[in-house]
file my_file.csv (CSV, C-alpha atoms)
chain,number,residue,atom,x,y,z
R,17,MET,CA,144.4,238.2,240.1
R,18,ALA,CA,141.7,237.4,242.4
R,19,LEU,CA,142.1,237.7,246.1
R,20,ARG,CA,139.6,235.3,247.7
R,21,GLY,CA,137.5,235.5,244.6
R,22,VAL,CA,137.6,239.2,244.2
R,23,TRP,CA,139.2,240.5,241.0
R,24,GLN,CA,142.0,242.9,241.8
R,25,LEU,CA,142.4,244.9,238.5
R,26,LYS,CA,139.7,247.5,238.5
R,27,LYS,CA,140.5,249.6,235.4
R,28,LEU,CA,142.7,249.3,232.4
R,29,ILE,CA,143.5,252.3,230.3
R,30,VAL,CA,144.7,251.6,226.8
R,31,SER,CA,146.5,254.7,225.6
R,32,TYR,CA,147.6,255.1,222.0
R,33,CYS,CA,148.5,257.7,219.4
R,34,ASP,CA,146.7,257.8,216.1
R,35,TRP,CA,149.6,259.2,214.2
R,36,GLY,CA,152.8,257.5,215.5
R,37,GLY,CA,154.2,254.3,214.1
R,38,GLY,CA,154.9,252.8,217.5
R,39,SER,CA,151.1,252.7,218.0
R,40,ARG,CA,150.4,250.6,215.0
R,41,GLY,CA,150.3,247.4,217.0
R,42,ILE,CA,148.0,248.8,219.6
R,43,ARG,CA,145.7,250.3,217.1
R,44,ALA,CA,145.4,246.9,215.5
R,45,PHE,CA,144.9,245.4,219.0
R,46,ILE,CA,142.1,247.8,219.7
R,47,GLU,CA,140.3,246.8,216.5
R,48,SER,CA,140.9,243.1,216.6
R,49,GLU,CA,141.4,241.8,220.1
R,50,LEU,CA,140.2,244.3,222.6
R,51,PRO,CA,136.5,243.5,222.2
R,52,THR,CA,137.1,239.8,223.0
R,53,PHE,CA,139.2,240.8,225.9
R,54,LYS,CA,136.4,243.1,227.2
R,55,GLU,CA,133.9,240.3,226.9
R,56,LYS,CA,136.1,237.8,228.7
R,57,ASN,CA,136.5,240.2,231.6
R,58,PRO,CA,133.2,241.9,232.3
R,59,GLN,CA,134.3,242.9,235.8
R,60,LEU,CA,137.1,245.1,234.3
R,61,GLU,CA,136.6,248.6,233.1
R,62,VAL,CA,138.5,249.1,229.9
R,63,VAL,CA,139.0,252.6,228.6
R,64,THR,CA,140.8,253.6,225.4
R,65,GLU,CA,142.5,257.0,225.5
R,66,LEU,CA,144.0,259.0,222.7
R,67,ILE,CA,147.3,260.6,223.5
R,68,ARG,CA,148.8,262.3,220.5
R,69,GLY,CA,152.6,262.4,220.1
R,70,GLN,CA,153.4,260.0,222.9
R,71,HIS,CA,154.2,256.3,223.0
R,72,PRO,CA,151.4,253.9,223.7
R,73,HIS,CA,151.0,252.2,227.0
R,74,LEU,CA,148.7,250.1,229.1
R,75,LYS,CA,147.8,251.4,232.6
R,76,GLY,CA,146.3,249.1,235.2
R,77,PHE,CA,144.7,250.3,238.3
R,78,TYR,CA,144.4,247.8,241.2
R,79,LYS,CA,142.3,247.6,244.2
R,80,ASN,CA,145.2,248.3,246.5
R,81,LYS,CA,145.6,251.6,244.7
R,82,ASN,CA,148.6,250.4,242.8
R,83,GLU,CA,149.3,251.5,239.2
R,84,ARG,CA,151.2,249.4,236.8
R,85,VAL,CA,152.2,250.9,233.5
R,86,VAL,CA,153.5,248.9,230.6
R,87,CYS,CA,154.8,250.6,227.5
R,88,VAL,CA,153.7,248.7,224.4
R,89,LYS,CA,155.5,250.7,221.8
R,90,ASN,CA,156.3,248.7,218.6
R,91,MET,CA,154.6,245.6,219.8
R,92,THR,CA,152.4,243.2,217.9
R,93,PRO,CA,148.7,242.9,218.9
R,94,GLU,CA,149.4,239.4,220.2
R,95,ASP,CA,152.1,240.7,222.5
R,96,ILE,CA,149.9,243.4,223.7
R,97,LEU,CA,147.2,240.9,224.5
R,98,LEU,CA,149.7,238.9,226.5
R,99,TYR,CA,150.7,242.0,228.5
R,100,ALA,CA,147.1,242.9,229.1
R,101,THR,CA,146.3,239.4,230.3
R,102,ARG,CA,149.4,239.5,232.6
R,103,LEU,CA,148.1,242.7,234.1
R,104,ARG,CA,144.7,241.1,234.6
R,105,ASN,CA,146.2,238.0,236.1
R,106,ALA,CA,148.4,239.8,238.6
R,107,LEU,CA,147.6,241.1,242.0
R,108,GLY,CA,148.5,244.7,242.6
R,109,ARG,CA,151.3,243.9,244.9
R,110,LYS,CA,154.8,245.3,244.5
R,111,VAL,CA,157.0,243.0,242.5
R,112,VAL,CA,159.6,242.0,245.1
R,113,LYS,CA,161.7,238.9,245.3
R,114,LEU,CA,159.9,236.3,247.3
R,115,LYS,CA,161.1,235.5,250.7
R,116,THR,CA,159.2,232.2,251.0
R,117,ARG,CA,157.1,230.2,248.6
R,118,HIS,CA,154.7,229.3,251.3
R,119,VAL,CA,152.8,232.0,253.2
R,120,THR,CA,150.9,230.9,256.2
R,121,LYS,CA,149.5,232.3,259.4
R,122,HIS,CA,149.4,229.0,261.2
R,123,PRO,CA,152.7,227.3,260.9
R,124,SER,CA,152.0,224.4,263.3
R,125,VAL,CA,149.0,222.1,263.6
R,126,GLN,CA,150.0,219.2,265.8
R,127,VAL,CA,152.6,220.3,268.1
R,128,MET,CA,152.3,222.9,270.8
R,129,MET,CA,155.9,224.0,270.4
R,130,ALA,CA,157.7,225.4,273.3
R,131,THR,CA,159.0,228.3,271.3
R,132,LEU,CA,155.5,229.2,270.2
R,133,LEU,CA,154.5,229.2,273.9
R,134,LYS,CA,157.3,231.5,274.7
R,135,HIS,CA,156.3,233.9,271.9
R,136,SER,CA,152.7,233.8,273.2
R,137,LEU,CA,154.0,234.9,276.6
R,138,PHE,CA,155.4,237.9,275.0
R,139,GLY,CA,152.1,238.5,273.4
R,140,GLY,CA,153.3,237.6,269.9
R,141,SER,CA,152.0,235.1,267.3
R,142,ASN,CA,149.1,232.8,267.9
R,143,SER,CA,150.1,229.4,269.3
R,144,SER,CA,147.9,226.9,267.5
R,145,LEU,CA,147.3,223.3,267.9
J,16,MET,CA,186.0,207.6,201.6
J,17,ALA,CA,183.2,208.0,204.0
J,18,HIS,CA,181.3,205.4,202.0
J,19,ARG,CA,184.0,202.9,202.4
J,20,ARG,CA,184.2,203.6,206.2
J,21,CYS,CA,180.5,203.2,206.5
J,22,LEU,CA,180.4,200.0,204.7
J,23,LEU,CA,183.2,198.7,206.9
J,24,SER,CA,181.3,199.7,210.0
J,25,LEU,CA,178.2,198.1,208.5
J,26,ALA,CA,180.2,194.9,207.9
J,27,ARG,CA,181.4,195.0,211.5
J,28,HIS,CA,177.9,195.3,212.7
J,29,ALA,CA,176.8,192.5,210.5
J,30,THR,CA,179.5,190.2,211.8
J,31,ALA,CA,178.9,191.2,215.4
J,32,ILE,CA,175.2,190.3,215.4
J,33,ILE,CA,174.9,186.6,215.0
J,34,SER,CA,171.5,185.9,216.4
J,35,GLN,CA,169.7,188.4,214.1
J,36,LYS,CA,168.6,187.5,210.7
J,37,LYS,CA,171.5,188.3,208.4
J,38,MET,CA,170.8,190.7,205.6
J,39,PRO,CA,173.6,191.9,203.4
J,40,PRO,CA,174.3,195.5,204.1
J,41,LEU,CA,173.6,196.8,200.6
J,42,SER,CA,170.1,195.4,200.5
J,43,ALA,CA,169.4,196.7,203.9
J,44,VAL,CA,170.4,200.1,202.7
J,45,GLU,CA,168.1,199.8,199.7
J,46,VAL,CA,165.2,198.7,201.9
J,47,LEU,CA,165.7,201.8,204.0
J,48,THR,CA,166.1,204.1,201.1
J,49,GLN,CA,162.7,202.9,199.9
J,50,LYS,CA,161.4,204.4,203.1
J,51,SER,CA,159.4,201.3,203.9
J,52,ASN,CA,158.2,201.1,207.5
J,53,PRO,CA,160.0,198.1,208.9
J,54,ALA,CA,158.0,198.2,212.0
J,55,ILE,CA,154.9,196.9,210.2
J,56,THR,CA,156.3,194.1,208.1
J,57,ILE,CA,159.2,192.7,210.1
J,58,PRO,CA,159.1,190.9,213.4
J,59,ASN,CA,160.6,192.2,216.6
J,60,SER,CA,164.1,190.8,216.3
J,61,GLU,CA,164.6,192.6,213.0
J,62,LEU,CA,163.2,195.8,214.5
J,63,SER,CA,166.0,195.8,216.9
J,64,TRP,CA,168.4,195.1,214.1
J,65,PHE,CA,167.1,198.1,212.3
J,66,SER,CA,167.3,200.2,215.4
J,67,LEU,CA,171.0,199.3,215.7
J,68,TRP,CA,171.4,200.3,212.1
J,69,SER,CA,169.8,203.5,212.7
J,70,HIS,CA,172.1,204.3,215.6
J,71,SER,CA,175.2,204.1,213.3
J,72,ARG,CA,173.5,206.4,210.8
J,73,HIS,CA,176.1,205.9,208.1
J,74,PHE,CA,173.8,204.9,205.2
J,75,SER,CA,175.6,207.2,202.8
J,76,SER,CA,175.3,205.0,199.7
J,77,SER,CA,174.1,207.9,197.6
J,78,LYS,CA,172.5,211.2,198.6
J,79,SER,CA,172.5,213.0,201.9
J,80,GLU,CA,168.8,213.6,201.4
J,81,ASP,CA,168.1,209.9,201.8
J,82,SER,CA,170.0,209.8,205.1
J,83,GLU,CA,168.0,212.7,206.3
J,84,THR,CA,164.8,211.0,205.4
J,85,GLU,CA,166.0,207.9,207.0
J,86,VAL,CA,166.7,209.9,210.1
J,87,GLU,CA,163.2,211.2,209.9
J,88,VAL,CA,161.9,207.7,209.6
J,89,GLU,CA,163.9,206.7,212.7
J,90,MET,CA,162.5,209.7,214.6
J,91,GLU,CA,159.0,208.7,213.7
J,92,GLU,CA,159.6,205.2,214.8
J,93,ALA,CA,161.2,206.3,218.0
J,94,SER,CA,158.3,208.6,218.8
J,95,ASP,CA,155.8,205.8,218.0
J,96,VAL,CA,157.7,203.3,220.1
J,97,GLU,CA,158.4,205.6,223.1
J,98,ALA,CA,155.8,207.4,225.2
J,99,GLU,CA,153.5,210.0,223.8
J,100,ASN,CA,155.0,212.4,226.3
J,101,ASP,CA,157.7,213.3,223.8
J,102,ASN,CA,155.0,214.3,221.3
J,103,ALA,CA,153.2,216.2,223.9
J,104,ALA,CA,156.4,218.0,224.8
J,105,SER,CA,157.0,219.0,221.2
J,106,ASP,CA,153.4,220.2,221.0
J,107,LEU,CA,153.6,222.1,224.2
J,108,GLY,CA,154.0,225.3,222.2
J,109,ARG,CA,150.4,225.7,221.2
J,110,ASP,CA,147.0,224.2,220.8
J,111,TYR,CA,145.9,221.6,223.3
J,112,SER,CA,142.9,220.6,221.3
J,113,PRO,CA,142.3,217.2,222.9
J,114,GLU,CA,141.3,217.7,226.5
J,115,GLU,CA,142.8,214.3,227.3
J,116,LYS,CA,146.2,215.8,226.7
J,117,GLU,CA,145.4,218.6,229.2
J,118,ALA,CA,144.4,215.9,231.7
J,119,GLU,CA,147.7,214.1,231.1
J,120,ALA,CA,149.7,217.2,231.6
J,121,ALA,CA,147.7,218.0,234.6
J,122,ALA,CA,148.5,214.6,236.0
J,123,ILE,CA,152.2,215.4,235.6
J,124,GLY,CA,151.7,218.5,237.6
J,125,TYR,CA,149.4,216.6,240.1
J,126,LYS,CA,146.4,218.9,239.6
J,127,VAL,CA,142.9,218.5,238.2
J,128,LEU,CA,141.0,221.4,236.9
J,129,GLY,CA,137.7,221.9,238.5
J,130,PRO,CA,135.1,224.3,237.3
J,131,LEU,CA,135.4,228.0,237.8
J,132,GLN,CA,134.0,229.4,241.0
J,133,ARG,CA,130.6,230.9,240.9
J,134,SER,CA,129.4,232.0,244.3
J,135,ASP,CA,130.9,229.0,246.0
J,136,ARG,CA,131.6,229.5,249.7
J,137,VAL,CA,135.1,228.1,249.4
J,138,PHE,CA,137.0,230.3,251.7
J,139,LYS,CA,136.5,228.9,255.1
J,140,ASP,CA,138.0,229.7,258.5
J,141,TYR,CA,141.2,228.0,259.6
J,142,GLU,CA,140.9,224.4,260.4
J,143,PRO,CA,143.7,222.6,262.3
J,144,VAL,CA,144.5,220.2,259.6
J,145,PHE,CA,147.6,220.1,257.4
J,146,ALA,CA,148.7,218.1,254.4
J,147,VAL,CA,152.0,217.6,252.6
J,148,VAL,CA,151.3,218.1,249.0
J,149,GLN,CA,153.5,217.8,245.9
J,150,ILE,CA,153.2,219.9,242.8
J,151,GLY,CA,155.7,219.2,240.1
J,152,SER,CA,158.9,218.6,242.0
J,153,HIS,CA,158.2,220.8,245.0
J,154,GLN,CA,156.5,219.7,248.2
J,155,PHE,CA,154.7,222.0,250.6
J,156,LYS,CA,153.2,221.5,254.1
J,157,VAL,CA,149.9,223.1,253.6
J,158,SER,CA,146.9,224.1,255.7
J,159,ASN,CA,143.6,225.8,255.2
J,160,GLY,CA,144.0,229.4,254.0
J,161,ASP,CA,147.7,229.2,253.1
J,162,SER,CA,149.0,230.5,249.9
J,163,ILE,CA,151.7,228.8,247.8
J,164,PHE,CA,153.8,230.0,245.0
J,165,THR,CA,154.5,227.3,242.4
J,166,GLU,CA,155.9,227.2,238.9
J,167,ARG,CA,153.4,228.4,236.3
J,168,LEU,CA,150.6,225.9,236.0
J,169,LYS,CA,149.7,225.8,232.4
J,170,PHE,CA,146.1,224.8,232.1
J,171,CYS,CA,144.3,226.9,234.6
J,172,GLU,CA,143.1,230.5,234.6
J,173,VAL,CA,142.8,232.8,237.6
J,174,ASN,CA,139.9,232.0,239.9
J,175,ASP,CA,139.9,228.3,239.0
J,176,ASN,CA,139.4,225.5,241.4
J,177,LEU,CA,142.1,223.0,241.5
J,178,ILE,CA,142.4,219.6,243.1
J,179,LEU,CA,145.9,218.6,244.1
J,180,ASN,CA,146.1,214.8,243.8
J,181,LYS,CA,149.5,214.0,245.2
J,182,VAL,CA,149.1,214.1,248.9
J,183,LEU,CA,151.9,212.5,250.9
J,184,LEU,CA,150.8,213.1,254.4
J,185,LEU,CA,147.7,214.3,256.3
J,186,GLY,CA,147.7,215.5,259.8
J,187,SER,CA,145.4,216.8,262.5
J,188,PRO,CA,145.8,217.3,266.2
J,189,THR,CA,144.7,213.7,266.9
J,190,GLN,CA,145.6,211.8,263.8
J,191,THR,CA,148.4,211.4,261.2
J,192,ILE,CA,147.9,209.5,258.0
J,193,ILE,CA,151.1,208.7,256.1
J,194,GLY,CA,151.0,207.8,252.5
J,195,ARG,CA,153.2,205.3,250.7
J,196,PRO,CA,154.1,207.4,248.8
J,197,ILE,CA,150.7,208.9,248.0
J,198,LEU,CA,147.4,208.8,249.7
J,199,PRO,CA,144.9,207.7,247.2
J,200,ASP,CA,141.7,209.1,248.7
J,201,ALA,CA,143.1,212.4,249.9
J,202,ALA,CA,142.4,215.6,248.0
J,203,VAL,CA,143.5,219.2,248.6
J,204,HIS,CA,141.4,221.9,247.1
J,205,ALA,CA,143.0,225.1,246.0
J,206,VAL,CA,142.0,228.2,244.1
J,207,VAL,CA,144.3,230.0,241.6
J,208,GLU,CA,144.9,233.5,242.9
J,209,GLU,CA,147.3,234.9,240.3
J,210,HIS,CA,149.6,234.2,237.5
J,211,ALA,CA,152.5,236.6,237.8
J,212,LEU,CA,156.1,237.1,237.1
J,213,ASP,CA,158.7,237.1,239.8
J,214,ALA,CA,161.0,240.0,240.3
J,215,LYS,CA,163.8,240.3,237.8
J,216,VAL,CA,167.0,238.4,238.5
J,217,ILE,CA,170.0,239.6,236.7
J,218,ILE,CA,172.4,236.8,235.6
J,219,PHE,CA,175.8,238.3,235.3
J,220,LYS,CA,178.7,236.3,233.9
J,221,LYS,CA,182.2,237.6,233.9
J,222,LYS,CA,185.6,236.2,233.3
J,223,ARG,CA,188.2,238.5,234.5
J,224,ARG,CA,191.0,239.7,232.4
J,225,LYS,CA,189.4,237.9,229.4
J,226,ASN,CA,187.2,240.7,228.2
J,227,TYR,CA,184.1,238.5,228.7
J,228,ARG,CA,181.0,240.0,230.3
J,229,ARG,CA,177.4,238.9,229.8
J,230,THR,CA,174.2,240.2,231.4
J,231,LYS,CA,170.9,238.4,231.2
J,232,GLY,CA,167.6,239.2,232.9
J,233,HIS,CA,165.2,236.5,234.0
J,234,ARG,CA,161.7,236.7,235.4
J,235,GLN,CA,160.2,233.4,236.5
J,236,GLU,CA,156.5,232.8,235.9
J,237,LEU,CA,154.8,231.9,239.1
J,238,THR,CA,151.3,230.8,240.1
J,239,LYS,CA,149.9,231.7,243.5
J,240,LEU,CA,147.5,229.1,244.9
J,241,ARG,CA,145.3,229.5,247.9
J,242,ILE,CA,144.5,226.3,249.7
J,243,THR,CA,140.9,226.1,250.6
J,244,ASP,CA,140.1,222.6,251.8
J,245,ILE,CA,141.8,219.4,252.8
J,246,GLN,CA,139.9,216.2,252.5
J,247,GLY,CA,140.7,212.7,253.5
J,248,ILE,CA,141.1,213.2,257.3
J,249,GLU,CA,138.7,213.6,260.1
J,250,LYS,CA,138.5,217.2,261.2
J,251,GLN,CA,137.6,218.1,264.7
J,252,GLU,CA,134.4,220.0,264.9
J,253,ILE,CA,135.1,222.5,267.6
J,254,LYS,CA,131.8,224.1,268.3
J,255,THR,CA,129.3,221.3,267.6
J,256,ASP,CA,129.7,217.6,268.4
J,257,ARG,CA,132.9,216.2,269.7
J,258,LYS,CA,133.6,212.6,268.9
J,259,PRO,CA,137.0,211.8,270.4
J,260,LEU,CA,136.3,208.1,271.0
J,261,GLU,CA,135.3,207.3,267.5
J,262,ALA,CA,138.3,209.2,266.2
J,263,ALA,CA,140.6,207.3,268.5
J,264,VAL,CA,139.1,204.0,267.4
J,265,LYS,CA,139.4,204.9,263.8
J,266,ASN,CA,143.0,205.9,264.3
J,267,PRO,CA,144.7,202.5,263.9
J,268,GLU,CA,142.2,201.4,261.2
J,269,LYS,CA,142.8,204.4,259.0
J,270,ILE,CA,146.6,204.1,259.2
J,271,ALA,CA,146.3,200.5,258.2
J,272,ALA,CA,144.0,201.3,255.3
J,273,ALA,CA,146.3,204.1,254.1
J,274,VAL,CA,149.3,201.9,254.4
call {"tool": "encode", "arguments": {"input": "my_file.csv", "output": "C-alpha cells"}}
result
Amino acid sequence: MALRGVWQLKKLIVSYCDWGGGSRGIRAFIESELPTFKEKNPQLEVVTELIRGQHPHLKGFYKNKNERVVCVKNMTPEDILLYATRLRNALGRKVVKLKTRHVTKHPSVQVMMATLLKHSLFGGSNSSL
Amino acid sequence: MAHRRCLLSLARHATAIISQKKMPPLSAVEVLTQKSNPAITIPNSELSWFSLWSHSRHFSSSKSEDSETEVEVEMEEASDVEAENDNAASDLGRDYSPEEKEAEAAAIGYKVLGPLQRSDRVFKDYEPVFAVVQIGSHQFKVSNGDSIFTERLKFCEVNDNLILNKVLLLGSPTQTIIGRPILPDAAVHAVVEEHALDAKVIIFKKKRRKNYRRTKGHRQELTKLRITDIQGIEKQEIKTDRKPLEAAVKNPEKIAAAV
C-alpha cells in the first residue's frame, strides 16, 4: 500500500479485551509479534486499545479517510499478523470487482486514432501520439 | 491371488523387453526390497528397466510397507531425474532460504527484484513509449505511469522495484521493435503498489430437483504494479534536442538486431 511511494495506511488500532477468551490470540499477538511489526513499519502509527467485554478487532485508517475493520476474534497470532500485513499492504480503496486489469490514462501511443480525434473535438479525453 | 497376478504381469514384462538385461523377477524384487539405489550402480538401460518396473508397482512379494518404501524410492528417483521445479513446487509452502530459488521463481514470473526505493525519483511524467510485457501467463500493453493488476507475485513487498524481463514488443511514435519472442535487452521497471484481495466472488453450485446446493466464496490475491520506466527503445526528447535523422537511420538497424 504505497501510492507513488507514499504509504497509505496511517494508523492501526489494535483493540482487545483483557478478560474474554476470543482475545487470547490478540493478546499473544500484542506480546509476541506486534513489536516486530511496529519496527518493520516505522511510518505506521500503531495503537493498542483496551475494550472490555467486546470482541477484538483491527482498525485501519487510510489516507483517503477510509476505515477498514477486521474482527480477529478467536484467531491465532500468526493469522492476526497476516491480517495486519494485509491491511498494511492494501490501498484504502473500496473493494470492488475490477473492471479492467490495466488502468491507463494514455491508451494509444503510436496511432492518432480517428475516434480519439472525434472525442477531442467534443472536448473529451486527451488524444496522444 | 494378487501375488500370482503380479508375478504374471512381471513375467509378461520380462518377456516383452528383449533388449534389456534380463533379470529374473524374484531377484529384481529382492534388489528393490533391499532399497538399493539402482541409479548409482546400474547403467542407463537398466535404469529404464527399473522405471518400467516401478510403473507397474506390483511388487507385493511380502509386506505392503516394502511396496510403499519402493514407491518412495521411485519418487526420490523421479524427483532427482526430473527438474528441480517439482521440489520447488513442493517447498512453495514456506521458507525460501536459498536466494537462488527466489531468483528461479522470479524467472518463472518474469520479474527480478530490485532494491527497495529510497528517495529515488522513479515516477516520471508520461512518455510516449509503450511495451508489451508478459507476467506469468498474462500480457499487458503498458506505458509509463500505468497500473496493472496481476496475480500475487510472491517474492516482493510493497514499495519494491521490479524489472519485468519478458518484453515482447516495444513501440514509440517513430519506432517499433518486435521481439522473437522476447527482446533480450529491453526492461520495464515497475513498482509494487499493493498486495490486496479482490472482491469476493461467490461460487454457487446447484443441481435442481436433486437437493444439491453448494456455496463457496473466493477472493483472489492480486498485486498492483505501477509501471515507471521502459528501457530498450529510443524515446523522443520533446523539450531538448530532437534527433529525428539519427532515429530514422537506426530504425532498420535496430529491427534487424532485435530480430
call {"tool": "closest_atom_pairs", "arguments": {"input": "my_file.csv", "of": "segment 21-92 of chain R", "to": "segment 108-123 of chain R", "cutoff": "10 Å", "atoms": "all atoms listed in the file", "output": "CSV"}}
result
residue,atom,partner,partner_atom,distance
R:Gln24,CA,R:Gly108,CA,6.8
R:Leu25,CA,R:Gly108,CA,7.4
R:Gly76,CA,R:Gly108,CA,8.9
R:Phe77,CA,R:Gly108,CA,8.0
R:Tyr78,CA,R:Gly108,CA,5.3
R:Lys79,CA,R:Gly108,CA,7.0
R:Asn80,CA,R:Gly108,CA,6.2
R:Lys81,CA,R:Gly108,CA,7.8
R:Asn82,CA,R:Gly108,CA,5.7
R:Glu83,CA,R:Gly108,CA,7.6
R:Arg84,CA,R:Gly108,CA,7.9
call {"tool": "closest_residue", "arguments": {"input": "my_file.csv", "among": "R:Arg104, R:Arg68, R:Arg43, R:Lys54", "to": "chain J", "atoms": "all atoms listed in the file"}}
result
R:Arg104
call {"tool": "closest_residue", "arguments": {"input": "my_file.csv", "among": "J:His210, J:Arg133, J:Lys231, J:Lys181", "to": "chain R", "atoms": "only C-alpha atoms"}}
result
J:His210
call {"tool": "interface_residues", "arguments": {"input": "my_file.csv", "of": "chain J", "to": "chain R", "cutoff": "6 Å", "atoms": "only C-alpha atoms", "output": "mmCIF file with C-alpha atoms, in the frame of the given file"}}
result
data_model
loop_
_atom_site.group_PDB
_atom_site.id
_atom_site.type_symbol
_atom_site.label_atom_id
_atom_site.label_comp_id
_atom_site.auth_asym_id
_atom_site.auth_seq_id
_atom_site.Cartn_x
_atom_site.Cartn_y
_atom_site.Cartn_z
ATOM 1 C CA PRO J 143 143.700 222.600 262.300
ATOM 2 C CA ASP J 161 147.700 229.200 253.100
ATOM 3 C CA SER J 162 149.000 230.500 249.900
ATOM 4 C CA ILE J 163 151.700 228.800 247.800
ATOM 5 C CA PHE J 164 153.800 230.000 245.000
ATOM 6 C CA PRO J 188 145.800 217.300 266.200
ATOM 7 C CA GLU J 208 144.900 233.500 242.900
ATOM 8 C CA GLU J 209 147.300 234.900 240.300
ATOM 9 C CA HIS J 210 149.600 234.200 237.500
ATOM 10 C CA ALA J 211 152.500 236.600 237.800
ATOM 11 C CA ALA J 214 161.000 240.000 240.300
#
call {"tool": "atom_distance", "arguments": {"input": "my_file.csv", "atom1": "atom CA of Gln59 of chain R", "atom2": "atom CA of Leu28 of chain R"}}
result
11.1 Å
call {"tool": "residues_around", "arguments": {"input": "my_file.csv", "residues": "Val206 of chain J", "least_positions_apart": "5", "cutoff": "12 Å", "atoms": "only C-alpha atoms", "output": "ChimeraX atom specification"}}
result
/R:17-22 /J:126-132,135-138,159-164,171-179,238-244
call {"tool": "residues_around", "arguments": {"input": "my_file.csv", "residues": "Arg40 of chain R", "least_positions_apart": "5", "cutoff": "9 Å", "atoms": "only C-alpha atoms", "output": "number ranges by chain"}}
result
R: 32-35, 45, 89-93
call {"tool": "residues_around", "arguments": {"input": "my_file.csv", "residues": "Leu50 of chain R", "least_positions_apart": "3", "cutoff": "12 Å", "atoms": "only C-alpha atoms", "output": "VMD selection string"}}
result
chain R and resid 28 to 30 41 to 47 53 to 57 61 to 64 93 to 94 96 to 98 100 to 101
